[in-house]
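Since the structure comes first, as structure tokens, the remarks are kept for the end.
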Amino acid sequence: MPAVDIQQVTHRYGDHVALRDVTLTVAPGTLFGLLGPNGGGKTTLFRILSTLLTPSEGTARVQDLDVTARPDAVRRHLGVVFQEPALDESLTVAENLRYHGALYGLHGTTLTARLQHLAGVFGVADRLGDRVQTLSGGLRRRTDLARGLLHRPDVLLLDEPTTGLDPAARHAFWQALARLRQAEGTTLLVATHLMDEAERCDEVGILDRGRLVAHGTPDALKTALGGETLWLETADAATLRDRVAARFDLDVRVIGEAVQISHPEAHDLLPALYDAFGPQIDSATVRRPTLEDVFMVHAGHTFEGRTTSSTPALQPAS
């Protein structure tokens, strides 16, 4: 049974289609990354999974429970770490955790033991008596992660969880997630626009303009592009694409203002391209495929070249 099962989900905000016919499944215990630029549909999908939105079309299930038909049951299996920490800054770390634990029916020695265990796992055991407003951004994030896990959820949603953190705090946060997976086997869904975070995931789903344009392991997605990718900067990308395709019978794409060619021996191909079209080539780059290349090939534009939509962020309730 998949931990998460999404079938042909479409969602509209008025005339704006935020998700278009998205289908994917996530196996139990998987670290799954939803990669895409702002406005790609990641947060809308998380809002549906967390029962905050009803999809316009299609179905979504968490632990085989329909998020529309059985939202209360879904929430018992689900933890959420929002874009902003869902913590009361005037309370101490321990008070915040006890309060949130009580919302899930935890109390007494059961709550105390769980609280102390998670505080140790995420490195805030020595800060339990400190007010949240005195903590660094990284410590707040780790406290918020502990909050989302108090009730032992089967699935944890993390919506851009490292936004605003410095590199050291991001590293510590991911180390904490690794300890969590090892200790409890929780299924993790991480929405991110950061390539290095997506590289950490077992599987990645790439969302763009509400469509799932690619899905697989990071290595498999990159390997599918070939051993090397060649990028040609030029003043007229469409014309150069057509001429290269006709001359060399290659799979050639225009992405942004560049021409992209996937080829197992791009270095060997480059001299022939310069001999044939040198005056039209401003510069050339050969590199092994990256997840950013995967995005650009499947989406047809650069990762940064998206306009942020007005889709509301997934935020804690006030």
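Ordering of the structure tokens sets the chain letters (A, B, ...), residue numbers begin anew at 1 in every chain, and ligands are numbered from 1 in the order given.
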Give me the residues of segment 3-72 of chain A that have any atom at most 7 Å from an atom of segment 195-206 of chain A; for each, the nearest atom pair and the distance in Å, rounded to one decimal. Use only C-alpha atoms, sort by chain and number, and format it as a Markdown table.
| residue | atom | partner | partner_atom | distance |
| --- | --- | --- | --- | --- |
| A:Thr30 | CA | A:Asp202 | CA | 6.4 |
| A:Leu31 | CA | A:Cys201 | CA | 5.2 |
| A:Phe32 | CA | A:Glu203 | CA | 5.0 |
| A:Gly33 | CA | A:Val204 | CA | 4.6 |
| A:Leu34 | CA | A:Gly205 | CA | 5.0 |
| A:Leu35 | CA | A:Ile206 | CA | 4.8 |
| A:Gly36 | CA | A:Ile206 | CA | 5.8 |
With all heavy atoms retained, write the just-selected residues as a short mmCIF file (atom, residue, chain, number, x, y, z; two decimals), in the first residue's frame.
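So part37.cif came out as:
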data_model
loop_
_atom_site.label_atom_id
_atom_site.label_comp_id
_atom_site.auth_asym_id
_atom_site.auth_seq_id
_atom_site.Cartn_x
_atom_site.Cartn_y
_atom_site.Cartn_z
N THR A 30 9.84 6.32 2.12
CA THR A 30 10.58 7.03 1.08
C THR A 30 10.80 8.49 1.48
O THR A 30 9.94 9.13 2.08
CB THR A 30 9.80 6.98 -0.25
OG1 THR A 30 9.65 5.62 -0.65
CG2 THR A 30 10.51 7.76 -1.34
N LEU A 31 11.97 9.02 1.11
CA LEU A 31 12.20 10.46 1.13
C LEU A 31 11.93 10.96 -0.28
O LEU A 31 12.72 10.73 -1.20
CB LEU A 31 13.63 10.77 1.57
CG LEU A 31 14.09 12.23 1.45
CD1 LEU A 31 13.14 13.18 2.17
CD2 LEU A 31 15.51 12.39 1.96
N PHE A 32 10.79 11.60 -0.46
CA PHE A 32 10.32 12.01 -1.78
C PHE A 32 10.38 13.52 -1.88
O PHE A 32 9.84 14.24 -1.03
CB PHE A 32 8.89 11.53 -2.01
CG PHE A 32 8.40 11.68 -3.43
CD1 PHE A 32 8.44 10.60 -4.30
CD2 PHE A 32 7.93 12.90 -3.89
CE1 PHE A 32 8.01 10.73 -5.61
CE2 PHE A 32 7.50 13.04 -5.20
CZ PHE A 32 7.53 11.96 -6.06
N GLY A 33 11.02 14.03 -2.94
CA GLY A 33 11.12 15.46 -3.14
C GLY A 33 10.21 15.95 -4.25
O GLY A 33 10.17 15.37 -5.34
N LEU A 34 9.44 17.00 -3.97
CA LEU A 34 8.68 17.71 -5.00
C LEU A 34 9.49 18.94 -5.37
O LEU A 34 9.61 19.88 -4.58
CB LEU A 34 7.30 18.11 -4.49
CG LEU A 34 6.22 17.03 -4.46
CD1 LEU A 34 4.97 17.57 -3.79
CD2 LEU A 34 5.89 16.55 -5.87
N LEU A 35 10.09 18.92 -6.55
CA LEU A 35 10.99 19.97 -6.99
C LEU A 35 10.30 20.85 -8.02
O LEU A 35 9.69 20.34 -8.97
CB LEU A 35 12.25 19.35 -7.60
CG LEU A 35 13.27 20.29 -8.23
CD1 LEU A 35 13.89 21.21 -7.17
CD2 LEU A 35 14.34 19.51 -8.97
N GLY A 36 10.44 22.14 -7.85
CA GLY A 36 9.88 23.06 -8.83
C GLY A 36 10.03 24.49 -8.38
O GLY A 36 10.23 24.76 -7.19
#
Would you list the contacts of Gly148 of chain A as a PyMOL selection string, taking every protein, DNA or RNA residue within 7 Å and counting only C-alpha atoms, but skipping same-chain residues closer than 2 positions in sequence? chain A and resi 79-81+144-146+150
For the residues selected in the previous step, produce a file with N, CA and C atoms as a short mmCIF file (atom, residue, chain, number, x, y, z; two decimals), in the first residue's frame.
data_model
loop_
_atom_site.label_atom_id
_atom_site.label_comp_id
_atom_site.auth_asym_id
_atom_site.auth_seq_id
_atom_site.Cartn_x
_atom_site.Cartn_y
_atom_site.Cartn_z
N GLY A 79 1.84 14.48 9.66
CA GLY A 79 2.51 15.60 10.31
C GLY A 79 2.86 16.63 9.25
N VAL A 80 2.89 17.91 9.64
CA VAL A 80 3.18 18.97 8.69
C VAL A 80 4.19 19.94 9.30
N VAL A 81 5.24 20.23 8.57
CA VAL A 81 6.16 21.32 8.91
C VAL A 81 5.96 22.40 7.87
N ASP A 144 10.43 22.85 15.47
CA ASP A 144 9.20 22.68 14.72
C ASP A 144 9.10 21.29 14.11
N LEU A 145 10.23 20.73 13.73
CA LEU A 145 10.25 19.36 13.23
C LEU A 145 9.83 18.39 14.33
N ALA A 146 10.34 18.60 15.54
CA ALA A 146 9.92 17.77 16.67
C ALA A 146 8.42 17.92 16.92
N LEU A 150 5.45 14.64 17.09
CA LEU A 150 5.07 14.20 18.44
C LEU A 150 4.10 13.03 18.41
#
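Candidate residues A:Thr43, A:Thr217, A:Thr143, A:Ser50 were compared for distance to His100 of chain A, and the nearest is A:Thr143, using only C-alpha atoms.
Distance-wise, atom CA of His298 of chain A and atom CA of Ala191 of chain A end up 18.5 Å apart.
Using only C-alpha atoms for every distance, the candidate list A:Ala178, A:Ala60, A:Leu53, A:Leu230 yields A:Leu230 as the residue closest to Arg287 of chain A.
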Within segment 181-226 of chain A, find each residue whose DSSP state, derived from the backbone, is alpha helix (DSSP H), and express the selection as a ChimeraX atom specification. /A:181-184,195-199,218-223
Using N, CA, C and O atoms, can you export the residues from the last selection as a PDB file, in the first residue's frame?
ATOM      1  N   ARG A 181      14.605   9.247   9.908  1.00  0.00           N
ATOM      2  CA  ARG A 181      14.323   8.123   9.026  1.00  0.00           C
ATOM      3  C   ARG A 181      14.918   6.834   9.586  1.00  0.00           C
ATOM      4  O   ARG A 181      14.290   5.768   9.523  1.00  0.00           O
ATOM      5  N   GLN A 182      16.107   6.923  10.110  1.00  0.00           N
ATOM      6  CA  GLN A 182      16.754   5.735  10.650  1.00  0.00           C
ATOM      7  C   GLN A 182      16.014   5.219  11.874  1.00  0.00           C
ATOM      8  O   GLN A 182      15.871   4.004  12.060  1.00  0.00           O
ATOM      9  N   ALA A 183      15.514   6.123  12.690  1.00  0.00           N
ATOM     10  CA  ALA A 183      14.883   5.718  13.944  1.00  0.00           C
ATOM     11  C   ALA A 183      13.442   5.262  13.757  1.00  0.00           C
ATOM     12  O   ALA A 183      12.999   4.319  14.424  1.00  0.00           O
ATOM     13  N   GLU A 184      12.682   5.914  12.867  1.00  0.00           N
ATOM     14  CA  GLU A 184      11.236   5.684  12.838  1.00  0.00           C
ATOM     15  C   GLU A 184      10.691   5.292  11.473  1.00  0.00           C
ATOM     16  O   GLU A 184       9.523   4.912  11.373  1.00  0.00           O
ATOM     17  N   MET A 195      18.096  22.541  -5.707  1.00  0.00           N
ATOM     18  CA  MET A 195      18.570  21.342  -6.384  1.00  0.00           C
ATOM     19  C   MET A 195      19.327  20.406  -5.444  1.00  0.00           C
ATOM     20  O   MET A 195      19.173  19.181  -5.509  1.00  0.00           O
ATOM     21  N   ASP A 196      20.152  20.959  -4.556  1.00  0.00           N
ATOM     22  CA  ASP A 196      20.937  20.090  -3.678  1.00  0.00           C
ATOM     23  C   ASP A 196      20.049  19.329  -2.709  1.00  0.00           C
ATOM     24  O   ASP A 196      20.357  18.200  -2.320  1.00  0.00           O
ATOM     25  N   GLU A 197      18.918  19.922  -2.314  1.00  0.00           N
ATOM     26  CA  GLU A 197      17.990  19.204  -1.450  1.00  0.00           C
ATOM     27  C   GLU A 197      17.291  18.090  -2.228  1.00  0.00           C
ATOM     28  O   GLU A 197      17.085  16.991  -1.687  1.00  0.00           O
ATOM     29  N   ALA A 198      16.922  18.355  -3.469  1.00  0.00           N
ATOM     30  CA  ALA A 198      16.295  17.316  -4.278  1.00  0.00           C
ATOM     31  C   ALA A 198      17.246  16.146  -4.513  1.00  0.00           C
ATOM     32  O   ALA A 198      16.821  14.989  -4.576  1.00  0.00           O
ATOM     33  N   GLU A 199      18.539  16.422  -4.626  1.00  0.00           N
ATOM     34  CA  GLU A 199      19.538  15.366  -4.833  1.00  0.00           C
ATOM     35  C   GLU A 199      19.587  14.397  -3.655  1.00  0.00           C
ATOM     36  O   GLU A 199      19.979  13.240  -3.812  1.00  0.00           O
ATOM     37  N   PRO A 218      16.848  10.634  -8.682  1.00  0.00           N
ATOM     38  CA  PRO A 218      17.709  11.660  -9.272  1.00  0.00           C
ATOM     39  C   PRO A 218      18.693  11.094 -10.289  1.00  0.00           C
ATOM     40  O   PRO A 218      18.886  11.666 -11.369  1.00  0.00           O
ATOM     41  N   ASP A 219      19.312   9.957  -9.967  1.00  0.00           N
ATOM     42  CA  ASP A 219      20.293   9.372 -10.887  1.00  0.00           C
ATOM     43  C   ASP A 219      19.642   8.935 -12.196  1.00  0.00           C
ATOM     44  O   ASP A 219      20.189   9.143 -13.280  1.00  0.00           O
ATOM     45  N   ALA A 220      18.465   8.302 -12.090  1.00  0.00           N
ATOM     46  CA  ALA A 220      17.790   7.833 -13.310  1.00  0.00           C
ATOM     47  C   ALA A 220      17.364   8.996 -14.190  1.00  0.00           C
ATOM     48  O   ALA A 220      17.474   8.931 -15.421  1.00  0.00           O
ATOM     49  N   LEU A 221      16.873  10.062 -13.603  1.00  0.00           N
ATOM     50  CA  LEU A 221      16.443  11.220 -14.381  1.00  0.00           C
ATOM     51  C   LEU A 221      17.621  11.856 -15.112  1.00  0.00           C
ATOM     52  O   LEU A 221      17.502  12.261 -16.274  1.00  0.00           O
ATOM     53  N   LYS A 222      18.771  11.922 -14.441  1.00  0.00           N
ATOM     54  CA  LYS A 222      19.955  12.510 -15.078  1.00  0.00           C
ATOM     55  C   LYS A 222      20.530  11.578 -16.147  1.00  0.00           C
ATOM     56  O   LYS A 222      20.919  12.033 -17.226  1.00  0.00           O
ATOM     57  N   THR A 223      20.558  10.291 -15.851  1.00  0.00           N
ATOM     58  CA  THR A 223      21.103   9.325 -16.803  1.00  0.00           C
ATOM     59  C   THR A 223      20.307   9.305 -18.100  1.00  0.00           C
ATOM     60  O   THR A 223      20.863   9.093 -19.191  1.00  0.00           O
TER      61      THR A 223
END
Close residues, Leu49 of chain A itself excluded, 10 Å, only C-alpha atoms, min 5 positions apart in chain, as a PyMOL selection string: chain A and resi 4-6+43-44+54-55+59-62+66-68+71+74-75+78+157
Write the residues you've just listed into a file as a PDB file, in the first residue's frame, and include N, CA, C and O atoms for each of them.
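Okay, this is what ended up in again.pdb:
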ATOM      1  N   VAL A   4       1.392   7.462   0.081  1.00  0.00           N
ATOM      2  CA  VAL A   4       0.631   8.540  -0.564  1.00  0.00           C
ATOM      3  C   VAL A   4       0.279   8.077  -1.974  1.00  0.00           C
ATOM      4  O   VAL A   4       1.134   7.558  -2.699  1.00  0.00           O
ATOM      5  N   ASP A   5      -0.968   8.268  -2.361  1.00  0.00           N
ATOM      6  CA  ASP A   5      -1.445   7.849  -3.682  1.00  0.00           C
ATOM      7  C   ASP A   5      -2.265   8.987  -4.274  1.00  0.00           C
ATOM      8  O   ASP A   5      -3.350   9.311  -3.774  1.00  0.00           O
ATOM      9  N   ILE A   6      -1.752   9.611  -5.325  1.00  0.00           N
ATOM     10  CA  ILE A   6      -2.394  10.749  -5.981  1.00  0.00           C
ATOM     11  C   ILE A   6      -2.754  10.333  -7.396  1.00  0.00           C
ATOM     12  O   ILE A   6      -1.889   9.900  -8.162  1.00  0.00           O
ATOM     13  N   THR A  43       2.932  23.678  -3.327  1.00  0.00           N
ATOM     14  CA  THR A  43       2.172  24.009  -2.122  1.00  0.00           C
ATOM     15  C   THR A  43       0.701  23.647  -2.272  1.00  0.00           C
ATOM     16  O   THR A  43       0.072  23.172  -1.319  1.00  0.00           O
ATOM     17  N   THR A  44       0.151  23.815  -3.446  1.00  0.00           N
ATOM     18  CA  THR A  44      -1.244  23.413  -3.663  1.00  0.00           C
ATOM     19  C   THR A  44      -1.403  21.921  -3.429  1.00  0.00           C
ATOM     20  O   THR A  44      -2.367  21.474  -2.779  1.00  0.00           O
ATOM     21  N   THR A  54      -9.908  20.762  -1.121  1.00  0.00           N
ATOM     22  CA  THR A  54     -10.508  19.637  -1.825  1.00  0.00           C
ATOM     23  C   THR A  54     -10.150  19.758  -3.302  1.00  0.00           C
ATOM     24  O   THR A  54     -10.384  20.812  -3.909  1.00  0.00           O
ATOM     25  N   PRO A  55      -9.542  18.736  -3.894  1.00  0.00           N
ATOM     26  CA  PRO A  55      -9.161  18.853  -5.306  1.00  0.00           C
ATOM     27  C   PRO A  55     -10.373  19.057  -6.194  1.00  0.00           C
ATOM     28  O   PRO A  55     -11.451  18.517  -5.940  1.00  0.00           O
ATOM     29  N   THR A  59      -8.334  12.124  -7.105  1.00  0.00           N
ATOM     30  CA  THR A  59      -8.344  11.660  -5.719  1.00  0.00           C
ATOM     31  C   THR A  59      -6.934  11.673  -5.147  1.00  0.00           C
ATOM     32  O   THR A  59      -5.951  11.513  -5.866  1.00  0.00           O
ATOM     33  N   ALA A  60      -6.867  11.844  -3.842  1.00  0.00           N
ATOM     34  CA  ALA A  60      -5.601  11.757  -3.109  1.00  0.00           C
ATOM     35  C   ALA A  60      -5.845  10.964  -1.844  1.00  0.00           C
ATOM     36  O   ALA A  60      -6.848  11.175  -1.138  1.00  0.00           O
ATOM     37  N   ARG A  61      -4.932  10.035  -1.548  1.00  0.00           N
ATOM     38  CA  ARG A  61      -5.063   9.179  -0.380  1.00  0.00           C
ATOM     39  C   ARG A  61      -3.760   9.178   0.405  1.00  0.00           C
ATOM     40  O   ARG A  61      -2.674   9.154  -0.182  1.00  0.00           O
ATOM     41  N   VAL A  62      -3.877   9.197   1.721  1.00  0.00           N
ATOM     42  CA  VAL A  62      -2.745   9.066   2.637  1.00  0.00           C
ATOM     43  C   VAL A  62      -2.999   7.836   3.492  1.00  0.00           C
ATOM     44  O   VAL A  62      -4.045   7.741   4.151  1.00  0.00           O
ATOM     45  N   ASP A  66      -8.883   8.419   1.974  1.00  0.00           N
ATOM     46  CA  ASP A  66      -9.193   9.504   1.059  1.00  0.00           C
ATOM     47  C   ASP A  66      -9.190  10.839   1.821  1.00  0.00           C
ATOM     48  O   ASP A  66      -9.880  10.987   2.829  1.00  0.00           O
ATOM     49  N   VAL A  67      -8.413  11.815   1.321  1.00  0.00           N
ATOM     50  CA  VAL A  67      -8.260  13.075   2.055  1.00  0.00           C
ATOM     51  C   VAL A  67      -9.541  13.895   2.056  1.00  0.00           C
ATOM     52  O   VAL A  67      -9.735  14.747   2.942  1.00  0.00           O
ATOM     53  N   THR A  68     -10.425  13.654   1.093  1.00  0.00           N
ATOM     54  CA  THR A  68     -11.690  14.383   1.049  1.00  0.00           C
ATOM     55  C   THR A  68     -12.759  13.699   1.877  1.00  0.00           C
ATOM     56  O   THR A  68     -13.488  14.344   2.643  1.00  0.00           O
ATOM     57  N   PRO A  71     -11.057  13.277   6.199  1.00  0.00           N
ATOM     58  CA  PRO A  71      -9.990  14.206   6.570  1.00  0.00           C
ATOM     59  C   PRO A  71      -9.509  14.038   8.006  1.00  0.00           C
ATOM     60  O   PRO A  71      -8.297  14.165   8.271  1.00  0.00           O
ATOM     61  N   VAL A  74      -7.171  11.120   8.173  1.00  0.00           N
ATOM     62  CA  VAL A  74      -5.910  11.434   7.499  1.00  0.00           C
ATOM     63  C   VAL A  74      -4.997  12.234   8.421  1.00  0.00           C
ATOM     64  O   VAL A  74      -3.792  11.973   8.517  1.00  0.00           O
ATOM     65  N   ARG A  75      -5.565  13.213   9.123  1.00  0.00           N
ATOM     66  CA  ARG A  75      -4.748  14.087   9.974  1.00  0.00           C
ATOM     67  C   ARG A  75      -4.062  13.319  11.093  1.00  0.00           C
ATOM     68  O   ARG A  75      -3.001  13.717  11.556  1.00  0.00           O
ATOM     69  N   LEU A  78      -0.813  12.123   9.728  1.00  0.00           N
ATOM     70  CA  LEU A  78      -0.056  13.119   8.995  1.00  0.00           C
ATOM     71  C   LEU A  78       0.590  14.124   9.944  1.00  0.00           C
ATOM     72  O   LEU A  78      -0.022  14.580  10.905  1.00  0.00           O
ATOM     73  N   LEU A 157       4.868  15.952   5.906  1.00  0.00           N
ATOM     74  CA  LEU A 157       4.981  16.913   4.814  1.00  0.00           C
ATOM     75  C   LEU A 157       5.860  18.068   5.274  1.00  0.00           C
ATOM     76  O   LEU A 157       5.626  18.646   6.335  1.00  0.00           O
TER      77      LEU A 157
END
Ranking A:Arg253, A:Arg20, A:Arg114, A:Arg247 by minimum distance to Leu207 of chain A and counting only C-alpha atoms, which one comes first? A:Arg20
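The smallest atom-to-atom distance between Pro271 of chain A and any of A:Val286, A:Ala18, A:Val259, A:Leu115, using only C-alpha atoms, is found for A:Val286.
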Which residues, written as a ChimeraX atom specification, have at least one atom at most 7 Å from Gly58 of chain A, with only C-alpha atoms counted and residues fewer than 3 positions away on the same chain left out? /A:7-10,55
Given the selection you just returned, output its residues as a file containing N, CA, C and O atoms, formatted as an mmCIF file, in the first residue's frame.
data_model
loop_
_atom_site.group_PDB
_atom_site.id
_atom_site.type_symbol
_atom_site.label_atom_id
_atom_site.label_comp_id
_atom_site.auth_asym_id
_atom_site.auth_seq_id
_atom_site.Cartn_x
_atom_site.Cartn_y
_atom_site.Cartn_z
ATOM 1 N N GLN A 7 -4.034 10.457 -7.734
ATOM 2 C CA GLN A 7 -4.510 9.987 -9.032
ATOM 3 C C GLN A 7 -5.264 11.096 -9.756
ATOM 4 O O GLN A 7 -6.324 11.531 -9.322
ATOM 5 N N GLN A 8 -4.655 11.573 -10.850
ATOM 6 C CA GLN A 8 -5.291 12.509 -11.783
ATOM 7 C C GLN A 8 -5.872 13.736 -11.070
ATOM 8 O O GLN A 8 -6.989 14.163 -11.343
ATOM 9 N N VAL A 9 -5.065 14.301 -10.183
ATOM 10 C CA VAL A 9 -5.519 15.459 -9.409
ATOM 11 C C VAL A 9 -5.346 16.748 -10.215
ATOM 12 O O VAL A 9 -4.263 17.045 -10.726
ATOM 13 N N THR A 10 -6.426 17.478 -10.318
ATOM 14 C CA THR A 10 -6.436 18.819 -10.897
ATOM 15 C C THR A 10 -7.042 19.758 -9.875
ATOM 16 O O THR A 10 -7.989 19.392 -9.167
ATOM 17 N N PRO A 55 -9.542 18.736 -3.894
ATOM 18 C CA PRO A 55 -9.161 18.853 -5.306
ATOM 19 C C PRO A 55 -10.373 19.057 -6.194
ATOM 20 O O PRO A 55 -11.451 18.517 -5.940
#
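Atom pair atom CA of Ala235 of chain A / atom CA of Leu273 of chain A: separated by 15.8 Å.
What separates atom CA of Leu91 of chain A from atom CA of Leu139 of chain A is a distance of 14.4 Å.
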With only C-alpha atoms as the counted atoms, please give the residues lying no more than 12 Å from Arg147 of chain A, apart from itself and same-chain residues fewer than 4 positions off, as a ChimeraX atom specification. /A:79-82,85-88,93-104,111,114-119,122,124,140-143,151-153,156
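Closest approach to Gln83 of chain A among A:Phe277, A:Phe46, A:Phe303, A:Phe295: A:Phe46, based on only C-alpha atoms.
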List every residue of segment 59-257 of chain A that DSSP, applied to the backbone, labels as strand (DSSP E), and write the result as a PyMOL selection string. chain A and resi 59-62+65-66+78-81+155-159+187-192+203-208+211-216+228-233+252-255
Using only C-alpha atoms, determine which residues lie at most 12 Å from Asp249 of chain A, disregarding the query and same-chain residues fewer than 5 positions distant; provide the list as a compact mmCIF listing (two decimals) with C-alpha atoms, in the first residue's frame.
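After the write, out_18.txt holds the following:
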# COMPACT_ATOMS: atom_id res chain seq x y z
CA ARG A 241 18.59 24.35 -33.44
CA ASP A 242 17.06 23.65 -36.83
CA ARG A 243 20.40 23.72 -38.62
CA VAL A 244 22.13 21.47 -36.10
CA ILE A 261 22.00 18.81 -27.09
CA SER A 262 22.15 15.48 -25.25
CA HIS A 263 24.94 13.30 -26.55
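Distances to Gly185 of chain A were evaluated for A:Val155, A:Leu165, A:Ala172, A:Met296 using only C-alpha atoms, and the minimum falls at A:Val155.
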